[in-house]
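These notes concern the structure reproduced below.
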Amino acid sequence: MNQSLGKLLLVMGFLAAFPFFPTLSTAQAKPWVVALSNSYYGNTWRRQMVEAFKQAAEDAKRQGFIADYLIENGDGSVNQQVAQLNGLILKKVDLILINAASPTALNGAIAKACRAGIKVVVFDSIASAPCAYKLDFDFKAMHRESTEYIVGTLLGGKGNVLVVRGVKGSAPDQLMYEGQKEVLVKYPKVKVVGEVYGQATTAVAQAAVSNLLPSLPKVDAVLAQGGGDDYGIVQAFAQHGGEFPIIEGGGSSNFLRWWAEQHKKNGYKTISINSAPGIGGAALWLGLEILGGAKVGNHLTMPAAKVTVDNLSQFANLPPGYIVSPTYTRKWVQENLLKLR
């Protein structure tokens with residue numbers, strides 16, 4: 001064997017034993033430009049999600065992974081978000097993260113971005129475009145669990161229920177509602193006495209429930225969706241007077257503080273399950289890993305944040321106006337979404 005061949009075989013053996021996975025910095029020729037297209041900015045959850053994206057983007061920029069980032073916030077309409085996406089395509093960004101106004105209406109604009117060589121990650125409220133990577137929560141399973149606990153365990157399978165839905169037209173609203181209905185159909189003695197849209201917002205949920213309550217019989221439980229609607233529902237019933245029903249929590253600190261006080265007074269029980277707005281940061285790091293050449297499945301799922309009576313004390317002193325959420329780092333994304341341990 002000649003010396004050159006021997007060295008080549010030695011190098012090949014080393015690479016086989018220690019395979020090389022490109023990092024973000026080694027995979028890119030230049031820092032990328034990334035963009036967030038957020039269809040709706042009108043509630044606490046969405047504002048916190050945008051802030052999580054911004055914090056992750058600033059971190060990525062400091063490390064030299066991205067040159068710049070753009071944030072486009074919408075009013076909830078499809079037309080505005082399509083215009084956002086078309087503008088980002090013209091700017092030739094490298095990555096677009098999308099919290100979508102519709103599961104299907106953005107698909108044409110997303111396909112156009114993909115054809116232009118732009119990587120697209122849809123998250124939280126996802127779109128069904130085949131070329132886009134999808135990162136969301138198991139909204140249906142989350143709300144099957146919470147509904148089963150409230151209706152089956154706490155109500156004992158009978159009573160009057162008010163349903164407060166989320167952001168109208170969004171994929172999460174539809175999935176959460178389907179999860180709730182799958183459980184409700186099992187309990188024929190549970191009657192849905194009202195249904196309103198709270199837009200996952202404290203003020204909107206409070207107004208919607210307040211307007212409906214005078215026409216309703218006694219409400220035993222309220223099924224909600226999160227984003228701050230839970231505390232709006234509390235305020236509506238406080239104004240209406242009488243006993244509070246079982247109100248489903250959506251992870252807002254205002255609600256959790258109220259629940260902790262009620263639990264101390266009278267043993268009040270409920271459950272709080274929410275999607276974590278920190279997904280804005282997770283989506284950014286996932287998108288950068290995709291740009292760096294990581295092999296990623298087309299559809300990935302994030303864990304939910306859950307508060308029960310057992311761990312309520314851990315969240316009783318959160319600052320007001322906050323939604324329960326971890327901060328998702330690049331390392332977390334690698335270990336939990338990419339399974340690189």
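Residues are named by chain letter and number: chains run A, B, ... in the order of the structure tokens, numbers start at 1 in each chain, and ligands are numbered from 1 in the order shown.
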
Env of Tyr231 in chain A: 10 Å cut, atoms = only C-alpha atoms, seq-sep filter 2 positions within chain, self excluded. Answer as an MDAnalysis selection string. chainID A and resid 201:203 205:206 226:229 233:237 247:259

Write a file of the selected residues as a PDB file, in the first residue's frame, keeping C-alpha atoms.
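Heads up, here's the output in out11.pdb:
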ATOM      1  CA  THR A 201     -58.139  37.935  23.659  1.00  0.00           C
ATOM      2  CA  THR A 202     -59.093  39.104  27.150  1.00  0.00           C
ATOM      3  CA  ALA A 203     -61.144  42.151  26.127  1.00  0.00           C
ATOM      4  CA  ALA A 205     -63.787  37.359  25.265  1.00  0.00           C
ATOM      5  CA  GLN A 206     -65.054  39.481  28.151  1.00  0.00           C
ATOM      6  CA  GLY A 226     -56.354  30.378  25.565  1.00  0.00           C
ATOM      7  CA  GLY A 227     -54.330  33.411  24.564  1.00  0.00           C
ATOM      8  CA  GLY A 228     -55.820  35.495  27.381  1.00  0.00           C
ATOM      9  CA  ASP A 229     -59.506  34.667  26.890  1.00  0.00           C
ATOM     10  CA  ILE A 233     -64.275  35.121  30.904  1.00  0.00           C
ATOM     11  CA  VAL A 234     -63.548  35.500  34.624  1.00  0.00           C
ATOM     12  CA  GLN A 235     -64.228  39.233  34.423  1.00  0.00           C
ATOM     13  CA  ALA A 236     -67.489  38.685  32.532  1.00  0.00           C
ATOM     14  CA  PHE A 237     -68.809  36.343  35.219  1.00  0.00           C
ATOM     15  CA  ILE A 247     -63.537  28.041  33.620  1.00  0.00           C
ATOM     16  CA  GLU A 248     -60.908  26.399  31.435  1.00  0.00           C
ATOM     17  CA  GLY A 249     -57.553  28.130  31.669  1.00  0.00           C
ATOM     18  CA  GLY A 250     -55.412  29.027  28.697  1.00  0.00           C
ATOM     19  CA  GLY A 251     -52.125  29.718  30.415  1.00  0.00           C
ATOM     20  CA  SER A 252     -52.481  33.447  31.093  1.00  0.00           C
ATOM     21  CA  SER A 253     -50.793  34.658  34.263  1.00  0.00           C
ATOM     22  CA  ASN A 254     -53.795  36.823  35.200  1.00  0.00           C
ATOM     23  CA  PHE A 255     -56.035  33.764  35.178  1.00  0.00           C
ATOM     24  CA  LEU A 256     -53.552  31.593  37.057  1.00  0.00           C
ATOM     25  CA  ARG A 257     -53.202  34.204  39.810  1.00  0.00           C
ATOM     26  CA  TRP A 258     -57.001  34.406  40.080  1.00  0.00           C
ATOM     27  CA  TRP A 259     -57.289  30.602  40.125  1.00  0.00           C
TER      28      TRP A 259
END

From a backbone DSSP assignment, name each residue in range 122-202 of chain A labelled helix (DSSP H, G or I), as number ranges by chain. A: 139-154, 171-184, 202

Excluding same-chain residues fewer than 2 positions from Lys269 in chain A, what lies within 10 Å of it counting only C-alpha atoms, as a VMD selection string? chain A and resid 150 154 246 to 248 259 to 260 262 to 263 266 to 267 271 308 to 309

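The two atoms in question, CA of Glu195 in chain A and CA of Asn79 in chain A, are spaced 27.1 Å apart.
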
For the contact check between range 34-80 of chain A and range 116-131 of chain A, emit one row per residue of range 34-80 of chain A within 12 Å, containing the shortest atom pair and the distance in Å rounded to one decimal, counting only C-alpha atoms, chain then rising number order, as a Markdown table.
| residue | atom | partner | partner_atom | distance |
| --- | --- | --- | --- | --- |
| A:Val34 | CA | A:Lys119 | CA | 9.5 |
| A:Ala35 | CA | A:Val120 | CA | 9.7 |
| A:Leu36 | CA | A:Val121 | CA | 9.6 |
| A:Ser37 | CA | A:Val122 | CA | 9.4 |
| A:Asn38 | CA | A:Ser125 | CA | 9.6 |
| A:Ser39 | CA | A:Ser125 | CA | 9.1 |
| A:Tyr40 | CA | A:Ser125 | CA | 10.3 |
| A:Trp45 | CA | A:Asp124 | CA | 11.1 |
| A:Arg46 | CA | A:Asp124 | CA | 10.2 |
| A:Met49 | CA | A:Asp124 | CA | 9.8 |
| A:Phe53 | CA | A:Phe123 | CA | 11.8 |
| A:Gly76 | CA | A:Ser125 | CA | 11.5 |
| A:Val78 | CA | A:Ala127 | CA | 11.6 |

Where in range 81-290 of chain A does DSSP assign strand (DSSP E or B), given as a PyMOL selection string? chain A and resi 95-99+119-123+133-137+159-165+190-197+221-223+246-247+249+252+272-274

Export C-alpha atoms of the chosen residues as a short mmCIF file (atom, residue, chain, number, x, y, z; two decimals), in the first residue's frame?
data_model
loop_
_atom_site.label_atom_id
_atom_site.label_comp_id
_atom_site.auth_asym_id
_atom_site.auth_seq_id
_atom_site.Cartn_x
_atom_site.Cartn_y
_atom_site.Cartn_z
CA LEU A 95 -36.47 32.07 5.08
CA ILE A 96 -40.09 32.97 5.83
CA LEU A 97 -41.79 31.87 9.02
CA ILE A 98 -45.59 32.05 8.78
CA ASN A 99 -48.30 32.06 11.43
CA LYS A 119 -37.46 28.04 2.73
CA VAL A 120 -40.87 28.28 4.40
CA VAL A 121 -41.83 27.15 7.89
CA VAL A 122 -45.49 27.49 8.89
CA PHE A 123 -46.09 27.23 12.61
CA TYR A 133 -42.31 22.67 6.79
CA LYS A 134 -44.93 22.55 9.52
CA LEU A 135 -44.43 23.09 13.26
CA ASP A 136 -47.48 23.11 15.48
CA PHE A 137 -49.13 21.74 18.60
CA GLY A 159 -74.51 20.29 33.16
CA ASN A 160 -74.62 23.42 30.99
CA VAL A 161 -71.51 24.40 29.05
CA LEU A 162 -70.54 27.63 27.30
CA VAL A 163 -67.96 27.35 24.50
CA VAL A 164 -65.65 30.30 23.84
CA ARG A 165 -63.82 29.79 20.58
CA VAL A 190 -74.10 17.94 28.89
CA LYS A 191 -75.83 20.77 27.04
CA VAL A 192 -73.96 23.45 25.11
CA VAL A 193 -76.02 26.55 25.93
CA GLY A 194 -73.94 29.08 24.02
CA GLU A 195 -71.00 29.59 21.70
CA VAL A 196 -69.05 32.79 20.99
CA TYR A 197 -65.72 33.83 19.50
CA ALA A 221 -68.52 25.23 32.89
CA VAL A 222 -66.81 27.27 30.18
CA LEU A 223 -64.57 25.65 27.58
CA ILE A 246 -65.55 25.93 36.06
CA ILE A 247 -63.54 28.04 33.62
CA GLY A 249 -57.55 28.13 31.67
CA SER A 252 -52.48 33.45 31.09
CA SER A 272 -55.10 25.06 32.09
CA ILE A 273 -53.56 23.80 28.84
CA ASN A 274 -52.00 26.12 26.31
#

Near Asn336 in chain A, counting only C-alpha atoms, which residues have an atom at most 12 Å away, once you skip same-chain residues fewer than 5 positions from it, shown as a PyMOL selection string? chain A and resi 282+285-286+296+300-303+328-331+341

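Proximity ranking of A:Ala207, A:Met142, A:Ala200, A:Val183 relative to Gly42 in chain A places A:Ala200 first, based on only C-alpha atoms.
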
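Comparing the minimum interatomic distances between Ala105 in chain A and each of A:Ser215, A:Ser170, A:Gln48, A:Gln63, counting only C-alpha atoms, we find that A:Ser170 sits nearest.
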
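The protein and nucleic acid residues lying at most 9 Å from range 64-72 of chain A are Leu24, Ser25, Gln28, Lys30, Pro31, Trp32, Val33, Val34, Ala35, Leu36, Ser37, Asn38, Ser39, Val50, Lys54, Ala57, Glu58, Asp59, Ala60, Gln81, Gln84, Leu88, Val93 and Leu288 of chain A, with only C-alpha atoms considered and sequence neighbours fewer than 4 positions away removed.
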
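The residue that comes closest to Ile279 in chain A, out of A:Leu338, A:Ala56, A:Ala141, A:Ala111 and on the basis of only C-alpha atoms, is A:Ala56.
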